[in-house]
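Visitor: Have a peek at entry-v2.pdb (PDB, C-alpha atoms).
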```pdb
ATOM      1  CA  MET A   1      81.838  66.981 113.847
ATOM      2  CA  ARG A   2      79.894  67.010 110.591
ATOM      3  CA  LEU A   3      81.454  68.849 107.667
ATOM      4  CA  PRO A   4      79.245  71.216 105.612
ATOM      5  CA  LEU A   5      78.140  69.719 102.311
ATOM      6  CA  ALA A   6      79.952  72.456 100.398
ATOM      7  CA  LEU A   7      83.264  71.505 101.976
ATOM      8  CA  ILE A   8      82.663  67.823 101.276
ATOM      9  CA  ALA A   9      81.876  68.620  97.639
ATOM     10  CA  LEU A  10      84.951  70.829  97.334
ATOM     11  CA  ALA A  11      87.197  68.121  98.767
ATOM     12  CA  ALA A  12      85.743  65.596  96.342
ATOM     13  CA  THR A  13      86.215  67.810  93.280
ATOM     14  CA  ALA A  14      89.645  69.259  94.163
ATOM     15  CA  PRO A  15      91.592  66.509  92.317
ATOM     16  CA  LEU A  16      89.443  67.046  89.213
ATOM     17  CA  LEU A  17      89.980  70.818  89.347
ATOM     18  CA  ALA A  18      93.738  70.354  89.645
ATOM     19  CA  GLN A  19      93.722  67.949  86.708
ATOM     20  CA  SER A  20      91.701  70.394  84.577
ATOM     21  CA  ALA A  21      94.071  73.262  85.390
ATOM     22  CA  SER A  22      97.050  71.189  84.283
ATOM     23  CA  GLN A  23      95.368  70.630  80.912
ATOM     24  CA  LEU A  24      94.816  74.321  80.140
ATOM     25  CA  PRO A  25      96.820  75.755  77.213
ATOM     26  CA  GLY A  26      98.101  78.583  79.404
ATOM     27  CA  GLN A  27     100.281  77.653  82.372
ATOM     28  CA  LEU A  28     102.036  79.627  85.085
ATOM     29  CA  ASP A  29     105.396  78.640  83.639
ATOM     30  CA  SER A  30     107.852  81.425  82.840
ATOM     31  CA  THR A  31     110.029  79.046  80.790
ATOM     32  CA  ARG A  32     107.343  79.269  78.102
ATOM     33  CA  VAL A  33     107.955  82.996  77.637
ATOM     34  CA  VAL A  34     109.864  83.722  74.420
ATOM     35  CA  ALA A  35     111.689  87.021  73.911
ATOM     36  CA  GLY A  36     110.200  89.370  71.345
ATOM     37  CA  SER A  37     107.287  91.655  70.590
ATOM     38  CA  TYR A  38     103.680  90.826  71.391
ATOM     39  CA  THR A  39     100.359  92.431  70.451
ATOM     40  CA  ALA A  40      97.354  92.705  72.752
ATOM     41  CA  ASP A  41      94.410  90.438  71.944
ATOM     42  CA  PRO A  42      91.519  92.949  72.193
ATOM     43  CA  ALA A  43      88.852  90.239  72.336
ATOM     44  CA  HIS A  44      90.315  88.828  75.541
ATOM     45  CA  SER A  45      91.632  91.928  77.299
ATOM     46  CA  LEU A  46      89.757  94.349  79.508
ATOM     47  CA  ILE A  47      90.076  96.915  82.268
ATOM     48  CA  ALA A  48      87.577  97.033  85.126
ATOM     49  CA  TRP A  49      87.141 100.263  87.090
ATOM     50  CA  GLU A  50      85.509 100.584  90.487
ATOM     51  CA  VAL A  51      84.229 103.585  92.429
ATOM     52  CA  ASN A  52      82.282 103.935  95.646
ATOM     53  CA  HIS A  53      78.766 105.343  95.225
ATOM     54  CA  PHE A  54      77.486 107.547  98.061
ATOM     55  CA  GLY A  55      79.106 105.275 100.642
ATOM     56  CA  PHE A  56      76.396 102.686  99.970
ATOM     57  CA  SER A  57      78.003 100.394  97.422
ATOM     58  CA  ASP A  58      80.918  99.900  95.068
ATOM     59  CA  TYR A  59      80.124 100.153  91.371
ATOM     60  CA  ILE A  60      82.076  98.495  88.566
ATOM     61  CA  GLY A  61      82.345  99.319  84.858
ATOM     62  CA  LEU A  62      84.498  98.041  81.999
ATOM     63  CA  PHE A  63      86.717  99.185  79.180
ATOM     64  CA  GLY A  64      87.178  96.555  76.467
ATOM     65  CA  ASP A  65      88.909  96.305  73.089
ATOM     66  CA  VAL A  66      92.275  97.073  74.681
ATOM     67  CA  ALA A  67      95.044  97.453  72.099
ATOM     68  CA  GLY A  68      98.780  97.725  72.497
ATOM     69  CA  THR A  69     102.168  96.079  72.498
ATOM     70  CA  LEU A  70     104.521  94.302  74.883
ATOM     71  CA  THR A  71     108.235  93.835  74.354
ATOM     72  CA  ILE A  72     109.819  91.341  76.714
ATOM     73  CA  ASP A  73     112.988  89.314  77.193
ATOM     74  CA  PRO A  74     112.843  86.798  80.052
ATOM     75  CA  ALA A  75     116.627  87.141  80.421
ATOM     76  CA  ASN A  76     116.309  90.903  80.996
ATOM     77  CA  LEU A  77     112.881  91.685  82.424
ATOM     78  CA  SER A  78     113.869  95.198  83.495
ATOM     79  CA  ALA A  79     114.110  96.106  79.817
ATOM     80  CA  ALA A  80     110.469  95.119  79.148
ATOM     81  CA  SER A  81     108.093  97.782  77.867
ATOM     82  CA  VAL A  82     104.331  98.100  77.575
ATOM     83  CA  ASP A  83     102.250 100.510  75.492
ATOM     84  CA  VAL A  84      98.497 100.038  75.858
ATOM     85  CA  THR A  85      95.571 102.031  74.455
ATOM     86  CA  ILE A  86      92.083 101.994  75.984
ATOM     87  CA  PRO A  87      89.051 103.156  73.936
ATOM     88  CA  VAL A  88      87.204 105.275  76.509
ATOM     89  CA  ALA A  89      84.328 105.796  74.053
ATOM     90  CA  LYS A  90      83.479 102.085  74.432
ATOM     91  CA  VAL A  91      82.991 102.262  78.216
ATOM     92  CA  THR A  92      80.399  99.744  79.404
ATOM     93  CA  THR A  93      78.268  99.604  82.544
ATOM     94  CA  ALA A  94      75.249  97.591  83.670
ATOM     95  CA  SER A  95      73.129 100.755  83.509
ATOM     96  CA  ASP A  96      72.217 102.308  80.147
ATOM     97  CA  GLY A  97      71.512 105.561  81.944
ATOM     98  CA  LEU A  98      74.926 105.668  83.577
ATOM     99  CA  THR A  99      76.727 104.781  80.355
ATOM    100  CA  GLU A 100      74.856 107.600  78.609
ATOM    101  CA  HIS A 101      75.792 110.015  81.410
ATOM    102  CA  LEU A 102      79.475 109.081  81.189
ATOM    103  CA  LEU A 103      79.455 109.991  77.476
ATOM    104  CA  ARG A 104      77.069 112.962  77.690
ATOM    105  CA  ALA A 105      78.106 116.394  76.467
ATOM    106  CA  GLY A 106      78.312 119.222  78.957
ATOM    107  CA  LYS A 107      75.179 121.302  79.476
ATOM    108  CA  ASP A 108      75.031 124.683  77.705
ATOM    109  CA  GLY A 109      78.615 124.416  76.524
ATOM    110  CA  ALA A 110      80.050 123.491  79.930
ATOM    111  CA  LYS A 111      82.603 120.715  80.239
ATOM    112  CA  PRO A 112      81.164 117.181  80.421
ATOM    113  CA  ASP A 113      80.516 115.651  83.836
ATOM    114  CA  PHE A 114      82.711 112.703  82.888
ATOM    115  CA  PHE A 115      84.166 111.679  79.499
ATOM    116  CA  GLY A 116      81.918 113.498  77.032
ATOM    117  CA  PRO A 117      80.565 112.291  73.663
ATOM    118  CA  GLU A 118      83.875 111.972  71.782
ATOM    119  CA  PRO A 119      86.530 111.086  74.355
ATOM    120  CA  SER A 120      90.077 110.424  73.230
ATOM    121  CA  ASP A 121      91.540 107.011  73.878
ATOM    122  CA  ALA A 122      93.395 106.594  77.152
ATOM    123  CA  ARG A 123      96.973 105.363  76.945
ATOM    124  CA  PHE A 124      99.502 103.838  79.346
ATOM    125  CA  VAL A 125     103.184 103.830  78.389
ATOM    126  CA  SER A 126     105.681 102.189  80.718
ATOM    127  CA  THR A 127     108.860 103.964  81.774
ATOM    128  CA  SER A 128     110.439 101.242  83.945
ATOM    129  CA  VAL A 129     109.836  97.649  85.039
ATOM    130  CA  SER A 130     111.042  95.991  88.217
ATOM    131  CA  ALA A 131     110.329  92.243  88.285
ATOM    132  CA  THR A 132     110.786  89.528  90.889
ATOM    133  CA  GLY A 133     109.614  86.078  89.864
ATOM    134  CA  ASN A 134     106.064  86.352  88.518
ATOM    135  CA  ILE A 135     105.448  89.767  90.117
ATOM    136  CA  ALA A 136     106.410  93.146  88.658
ATOM    137  CA  LYS A 137     106.070  96.825  89.419
ATOM    138  CA  ILE A 138     105.510  98.790  86.225
ATOM    139  CA  ASP A 139     105.947 102.556  86.384
ATOM    140  CA  GLY A 140     104.581 104.607  83.527
ATOM    141  CA  ASN A 141     102.496 107.511  82.332
ATOM    142  CA  LEU A 142      98.737 107.346  81.971
ATOM    143  CA  THR A 143      97.052 109.788  79.598
ATOM    144  CA  LEU A 144      93.328 110.220  80.225
ATOM    145  CA  ASN A 145      90.992 113.062  79.340
ATOM    146  CA  GLY A 146      93.894 114.917  77.735
ATOM    147  CA  MET A 147      96.019 114.860  80.900
ATOM    148  CA  THR A 148      99.089 112.744  81.650
ATOM    149  CA  LYS A 149     100.075 111.583  85.133
ATOM    150  CA  PRO A 150     102.534 108.993  86.494
ATOM    151  CA  VAL A 151     100.943 105.686  87.529
ATOM    152  CA  THR A 152     102.378 102.485  89.004
ATOM    153  CA  LEU A 153     100.889  99.107  88.110
ATOM    154  CA  ASN A 154     101.268  96.110  90.411
ATOM    155  CA  ALA A 155     101.418  93.368  87.811
ATOM    156  CA  GLU A 156     101.413  89.597  87.854
ATOM    157  CA  PHE A 157     102.221  87.019  85.189
ATOM    158  CA  THR A 158      99.213  84.698  84.870
ATOM    159  CA  GLY A 159     100.173  82.232  82.165
ATOM    160  CA  ALA A 160     101.820  81.398  78.847
ATOM    161  CA  GLY A 161     101.195  78.892  76.107
ATOM    162  CA  ASP A 162      99.951  78.361  72.578
ATOM    163  CA  ASN A 163      96.413  79.468  71.808
ATOM    164  CA  PRO A 164      94.714  76.271  70.545
ATOM    165  CA  TYR A 165      92.670  78.189  67.957
ATOM    166  CA  ASN A 166      95.091  80.560  66.248
ATOM    167  CA  LYS A 167      98.268  78.694  67.352
ATOM    168  CA  LYS A 168      99.891  81.928  68.551
ATOM    169  CA  LEU A 169     102.113  81.982  71.620
ATOM    170  CA  THR A 170     100.138  83.981  74.187
ATOM    171  CA  LEU A 171     101.171  85.615  77.462
ATOM    172  CA  GLY A 172      98.655  86.670  80.116
ATOM    173  CA  PHE A 173      99.095  89.373  82.733
ATOM    174  CA  SER A 174      96.912  91.009  85.366
ATOM    175  CA  ALA A 175      97.566  94.270  87.205
ATOM    176  CA  THR A 176      95.974  96.648  89.678
ATOM    177  CA  THR A 177      96.397 100.302  90.489
ATOM    178  CA  MET A 178      94.550 103.188  92.103
ATOM    179  CA  ILE A 179      94.140 106.610  90.500
ATOM    180  CA  LYS A 180      92.375 109.819  91.469
ATOM    181  CA  ARG A 181      89.994 110.914  88.744
ATOM    182  CA  SER A 182      90.385 114.539  89.783
ATOM    183  CA  ASP A 183      94.019 114.296  88.621
ATOM    184  CA  PHE A 184      92.586 113.897  85.131
ATOM    185  CA  GLY A 185      90.030 116.700  85.351
ATOM    186  CA  ILE A 186      87.047 114.439  86.138
ATOM    187  CA  ASP A 187      85.716 115.747  89.447
ATOM    188  CA  THR A 188      81.920 115.602  89.193
ATOM    189  CA  ALA A 189      80.121 114.482  92.388
ATOM    190  CA  ILE A 190      83.254 114.155  94.526
ATOM    191  CA  PRO A 191      83.148 113.060  97.366
ATOM    192  CA  PHE A 192      79.717 111.421  96.955
ATOM    193  CA  VAL A 193      81.153 109.338  94.139
ATOM    194  CA  SER A 194      84.691 108.510  95.193
ATOM    195  CA  ASN A 195      87.635 110.372  93.780
ATOM    196  CA  GLU A 196      89.648 107.160  94.076
ATOM    197  CA  VAL A 197      89.153 104.760  91.187
ATOM    198  CA  GLU A 198      90.485 101.223  91.443
ATOM    199  CA  LEU A 199      91.611  99.698  88.162
ATOM    200  CA  GLU A 200      91.903  95.950  87.548
ATOM    201  CA  ILE A 201      93.634  95.085  84.299
ATOM    202  CA  HIS A 202      93.650  91.772  82.429
ATOM    203  CA  VAL A 203      95.506  91.592  79.108
ATOM    204  CA  ALA A 204      96.456  88.733  76.810
ATOM    205  CA  PHE A 205      99.397  89.406  74.464
ATOM    206  CA  GLU A 206     100.043  87.339  71.316
ATOM    207  CA  LYS A 207     103.461  86.821  69.743
ATOM    208  CA  SER A 208     103.805  89.102  66.748
TER     209      SER A 208
END
```
If you took the structure in this file and wrote it as structure tokens, what would it be?

Guide:
Amino acid sequence: MRLPLALIALAATAPLLAQSASQLPGQLDSTRVVAGSYTADPAHSLIAWEVNHFGFSDYIGLFGDVAGTLTIDPANLSAASVDVTIPVAKVTTASDGLTEHLLRAGKDGAKPDFFGPEPSDARFVSTSVSATGNIAKIDGNLTLNGMTKPVTLNAEFTGAGDNPYNKKLTLGFSATTMIKRSDFGIDTAIPFVSNEVELEIHVAFEKS
């Protein structure tokens, strides 16, 4: 049986990929985590959101410039806390028209379809953390569009190490959750544009 060329190429490059991964500054090694306070690196942190559009396709947008803090002690992970702020006004999509619509004022004094022209920052503040190995469940409160609702993040530790440029100890985490936008007063075009919004979160925290 002949193997596809792609599989042959992958088999040939696998040792090189493994070697490259071992040379990265950040490693999936919890022994590198040092207790203390950390600050989000806004240049390397983002939140992707995804909705279904008319049942035809899924559409993805981004929030960048995430700010916030993490307090963590590897000897007592249940005492960890996270406080993250998301600048909704900086929402980004691949469509200029859609981005403009998300930040458009309501017509004739009505409420905006989505965020409006001067949206307040969103904020997630943890209330409890339950961790097992590199996986954690983070319960907290999400404030969006002036409304606060409980949200649970399914989080994963992705790496720790010294940033080679600024020499700061950096921790990386990813997380996912699902929210209903109607819970936050954003109900335009439901159900044609899904009420359910999937969030994928990637944040790098630097030792303060």

Visitor: Care to translate the PyMOL selection byres ((chain A and resi 33-44) around 7) into actual residues of this file, as a list in words?

Guide: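 Taken on the displayed file, the PyMOL selection byres ((chain A and resi 33-44) around 7) yields the residues Ser30, Thr31, Arg32, Ser45, Leu46, Asp65, Val66, Ala67, Gly68, Thr69, Leu70, Thr71, Ile72, Asp73, Pro74, Ala160, Val203, Ala204, Phe205, Glu206, Lys207 and Ser208 of chain A.
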
Visitor: Of the candidates A:Ile190, A:Ile179, A:Leu153, A:Ala75, which shows the shortest atom-to-atom distance to His202 in chain A, using all atoms listed in the file?

Guide: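 Nearest to His202 in chain A: A:Leu153.
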
Visitor: Do you know which residues the PyMOL selection byres ((chain A and resi 125) around 10) returns on this file, as a PyMOL selection string?

Guide: chain A and resi 68-69+81-85+123-124+126-128+138-143+150-151

Visitor: I need the chosen residues saved as an mmCIF file, in the coordinates of the input, with C-alpha atoms.

Guide:
```
data_model
loop_
_atom_site.group_PDB
_atom_site.id
_atom_site.type_symbol
_atom_site.label_atom_id
_atom_site.label_comp_id
_atom_site.auth_asym_id
_atom_site.auth_seq_id
_atom_site.Cartn_x
_atom_site.Cartn_y
_atom_site.Cartn_z
ATOM 1 C CA GLY A 68 98.780 97.725 72.497
ATOM 2 C CA THR A 69 102.168 96.079 72.498
ATOM 3 C CA SER A 81 108.093 97.782 77.867
ATOM 4 C CA VAL A 82 104.331 98.100 77.575
ATOM 5 C CA ASP A 83 102.250 100.510 75.492
ATOM 6 C CA VAL A 84 98.497 100.038 75.858
ATOM 7 C CA THR A 85 95.571 102.031 74.455
ATOM 8 C CA ARG A 123 96.973 105.363 76.945
ATOM 9 C CA PHE A 124 99.502 103.838 79.346
ATOM 10 C CA SER A 126 105.681 102.189 80.718
ATOM 11 C CA THR A 127 108.860 103.964 81.774
ATOM 12 C CA SER A 128 110.439 101.242 83.945
ATOM 13 C CA ILE A 138 105.510 98.790 86.225
ATOM 14 C CA ASP A 139 105.947 102.556 86.384
ATOM 15 C CA GLY A 140 104.581 104.607 83.527
ATOM 16 C CA ASN A 141 102.496 107.511 82.332
ATOM 17 C CA LEU A 142 98.737 107.346 81.971
ATOM 18 C CA THR A 143 97.052 109.788 79.598
ATOM 19 C CA PRO A 150 102.534 108.993 86.494
ATOM 20 C CA VAL A 151 100.943 105.686 87.529
#
```

Visitor: Using the chain letters and residue numbers of this document, give as a list in words the residues selected by the PyMOL selection byres ((chain A and resi 193) around 9).

Guide: Val51, Asn52, His53, Phe54, Gly55, Thr188, Ala189, Ile190, Pro191, Phe192, Ser194, Asn195 and Glu196 of chain A

Visitor: Kindly save the residues from that selection, with C-alpha atoms included, as a tab-separated table (two decimals), keeping the file's coordinate frame.

Guide:
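Below is the file that was written, selection_27.tsv:
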```
chain	number	residue	atom	x	y	z
A	51	VAL	CA	84.23	103.58	92.43
A	52	ASN	CA	82.28	103.94	95.65
A	53	HIS	CA	78.77	105.34	95.22
A	54	PHE	CA	77.49	107.55	98.06
A	55	GLY	CA	79.11	105.28	100.64
A	188	THR	CA	81.92	115.60	89.19
A	189	ALA	CA	80.12	114.48	92.39
A	190	ILE	CA	83.25	114.16	94.53
A	191	PRO	CA	83.15	113.06	97.37
A	192	PHE	CA	79.72	111.42	96.96
A	194	SER	CA	84.69	108.51	95.19
A	195	ASN	CA	87.64	110.37	93.78
A	196	GLU	CA	89.65	107.16	94.08
```

Visitor: To one decimal place, how far is CA of Ser130 in chain A from CA of Lys168 in chain A in Å?

Guide: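 Taking CA of Ser130 in chain A and CA of Lys168 in chain A, their separation equals 26.6 Å.
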
Visitor: Which centre and edge lengths in Å to one decimal define the box along x, y and z that fits every listed atom of range 179-189 of chain A plus 6 Å per side, as JSON?

Guide:
```
{"center_x": 87.1, "center_y": 111.7, "center_z": 88.8, "size_x": 26.0, "size_y": 22.1, "size_z": 19.3}
```

Visitor: Could you state the separation of CA of Phe157 in chain A and CA of Phe184 in chain A in Å, given to one decimal place?

Guide: 28.6 Å

Visitor: Record the distance separating CA of Gln23 in chain A and CA of Glu156 in chain A, expressed in Å with one decimal.

Guide: 21.1 Å

Visitor: Of the candidates A:Ile60, A:Gly109, A:Ile186, A:Ser120, which one gets nearest to Ser95 in chain A if we count all atoms listed in the file?

Guide: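 So, comparing all the options, the nearest one is A:Ile60.
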
Visitor: Nearest residue to Thr152 in chain A out of A:Asn166, A:Ala136, A:Ser22, A:Thr177, using only C-alpha atoms?

Guide: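 The answer is A:Thr177, which sits nearest to Thr152 in chain A.
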
Visitor: Could you pull the residues within 12 Å of His101 in chain A, counting only C-alpha atoms, minus those fewer than 6 positions along the same chain, as a PyMOL selection string?

Guide: chain A and resi 91-93+95+107+112-117+188

Visitor: Looking at all atoms listed in the file, which of A:Leu144, A:Ala21, A:Ala155, A:Gly161 is the one that sits closest to Ser182 in chain A?

Guide: A:Leu144
